[in-house]
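Read through the structure below, which is laid out as structure tokens, and then see the notes.
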Amino acid sequence: MTLADNLAPQLTQFQHKLSTVTTNTADGAAGKPFQPTALEKQLFAETAKGLAKWKESPQNRARLASLAGMTSDELRSFFHSVLAAPELEQMNALVEKHRALPEAEISFPLKAVSVGVDGSLVLIIGVQGSIGVAVNPADPTNYSQDVLYVSGQVEIGIDEGGEVGVVVGFWKEAPVDLGGISYGWEVEIDDFGGGYVEASYSNANQTGLLGVSVSGDAGEEDGAEGEASYTYVWSTTPIYQPPANNYMIINSINCNDNSESGHDEVYFFFTIDNGTRYRYPSQGEFSMEKGDTWNAGRSIRFNSQVYVQLFDQDDTSSDDPLGSYTYTTSNFPGSTTVSGSGGQYTLNSVLNPVWRAYS
Amino acid sequence: MGNTAFTLTQISCAGTSESGHDEVMILYQSDAGIAHLFPAGRDAHSMDGGSTWSNINLRMEFVNDCLVSLYDQDSSLDPKLADYLVSYDYTPDSMPSSVTLSNPNGAKYTLTIGSVSITK
């Protein structure tokens, strides 16, 4: 299975979104002058230098050449390894220095760092653009906070050409907030050397400067000034479920007894066929106390079994388990009661529902 | 198996999850497949008690269900910062034109749909 197969749902969605974007160039609101501080100039220069050095390694070039055969998890690991590469040690030190400075001494706060590849990606993922991962610089190795992204220029027919190159971005928005339309301008920096620096702007909610991307090789980014790009991001917290033979819905959850005084902050994991573990809600929780019902309505595709684990989210310690149950096609109660940590909950579910409206 | 389509037209807020506003994002997922976030990017819709988000005109199609969840974006959709507000699971047998949903955290929202089409 190729990377394009692995990412088919996201790439389809990206291409659909890209096709609906009608703006090709900035309307003048973007493209504001960007004046990096001395430290930021140094950060961009060290990044370009580090990327060029990274690419000198035949081993690293071989890894770049093997992208097309990776799974999405391998792709994430690859990008994380690039960020942690010794060639980018100086860059990472400057990122830390930048994060420690007060707002008055920086031109933008650093909320995400991205690393990706761009260039001739048509042969790799079937789209013209860039693909990569964005992480929280405060916790760069925490995979639960990163996102994968794919980005492409809006104007059809742009041929970026050239071999695949690595690009690093520094963003003032969190990883999950990098999606949408942006416009790129080259940033001229005196005595910069051989790399390429581009500032991106967004008109969404008066974002203005969105961030800065740096390539190791001059000319890797050859889009026109002010040209629109569309970026699609998806959380690595899984949401999409692949097709399967069976379908169930956890219609509702009743709280028979909460585990602690006040409310339980309830969420649940469901693990499909001993494989991928999903969370619902994907973010946040539902507050419950004795007598409450949460009409969760969580649908699940599975082949043989679904393992459901209920939790009470806890800010000060690890989350408290509230019970679990494994559904199979041969053991599927409409209602089942689970308990844990002093709490007791009833799950109400349906297997392969038949709808009256269709009969 | 049939097919159901509908349009989410409006969301009204009768209570927020926190003091001030909720920055509302819609996450919808048909048949547990690809999830869509609306609006894309950083354009969450700011809502407080009494406000209405109209002309949403979001068309959705499904076979078994379409789970529509509202999240409060806060400063971002970062999992540690976003808040789950409410959700409704539309099924072929449950397509209310208007449904009011609440979360004990204070969030209270009414979802209004139209142009329901069920193909057997």
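Lettering and numbering for the structure tokens are positional, with chains as A, B, ... in the shown order, residues counted from 1 in each chain, and ligands counted from 1 in the shown order.
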Within 7 Å of chain B: residues of chain A, using only C-alpha atoms, as a PyMOL selection string: chain A and resi 9+174+176-180+204-205+239-242+281+283-287+296-297+299-301+355-359
Could you pull the residues within 10 Å of Ala65 (chain A), counting only C-alpha atoms, minus those fewer than 3 positions along the same chain, as a list in words? Gln59, Asn60, Arg61, Ala62, Ala68, Gly69, Ile124, Glu163 and Val164 of chain A
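When CA of Val212 (chain A) is paired with CA of Ser200 (chain A), their separation reads 6.0 Å.
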Residues near Ile181 (chain A), anyone? I mean within 7 Å using only C-alpha atoms, not counting same-chain ones fewer than 5 positions away, as JSON, numbers by chain. {"A": [202, 228, 229, 230, 231]}
Just to be explicit: take each residue in the selection above, keep N, CA and C atoms, and write the result as a PDB file, in the first residue's frame.
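Printed below is again-v9.pdb as written:
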ATOM      1  N   SER A 202      -2.805  35.481   6.229  1.00  0.00           N
ATOM      2  CA  SER A 202      -4.178  35.004   6.104  1.00  0.00           C
ATOM      3  C   SER A 202      -5.135  36.148   6.400  1.00  0.00           C
ATOM      4  N   ALA A 228      -2.271  32.567  -3.805  1.00  0.00           N
ATOM      5  CA  ALA A 228      -3.009  31.853  -2.764  1.00  0.00           C
ATOM      6  C   ALA A 228      -2.611  30.370  -2.700  1.00  0.00           C
ATOM      7  N   SER A 229      -2.553  29.871  -1.500  1.00  0.00           N
ATOM      8  CA  SER A 229      -2.399  28.429  -1.261  1.00  0.00           C
ATOM      9  C   SER A 229      -3.535  27.990  -0.353  1.00  0.00           C
ATOM     10  N   TYR A 230      -3.879  26.730  -0.441  1.00  0.00           N
ATOM     11  CA  TYR A 230      -4.859  26.189   0.495  1.00  0.00           C
ATOM     12  C   TYR A 230      -4.203  25.074   1.301  1.00  0.00           C
ATOM     13  N   THR A 231      -4.367  25.142   2.603  1.00  0.00           N
ATOM     14  CA  THR A 231      -3.773  24.125   3.484  1.00  0.00           C
ATOM     15  C   THR A 231      -4.878  23.366   4.199  1.00  0.00           C
TER      16      THR A 231
END
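Restricting the calculation to only C-alpha atoms, the smallest distance between Leu11 (chain A) and any of A:Thr336, A:Ser66, A:Gln42, A:Ser130 is found for A:Ser130.
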Using DSSP assignments from the backbone, pull out every residue in region 5-215 of chain A that falls under alpha helix (DSSP H) and give it to me as number ranges by chain. A: 5-6, 8-20, 38-56, 58-65, 72-83, 89-100, 122-125
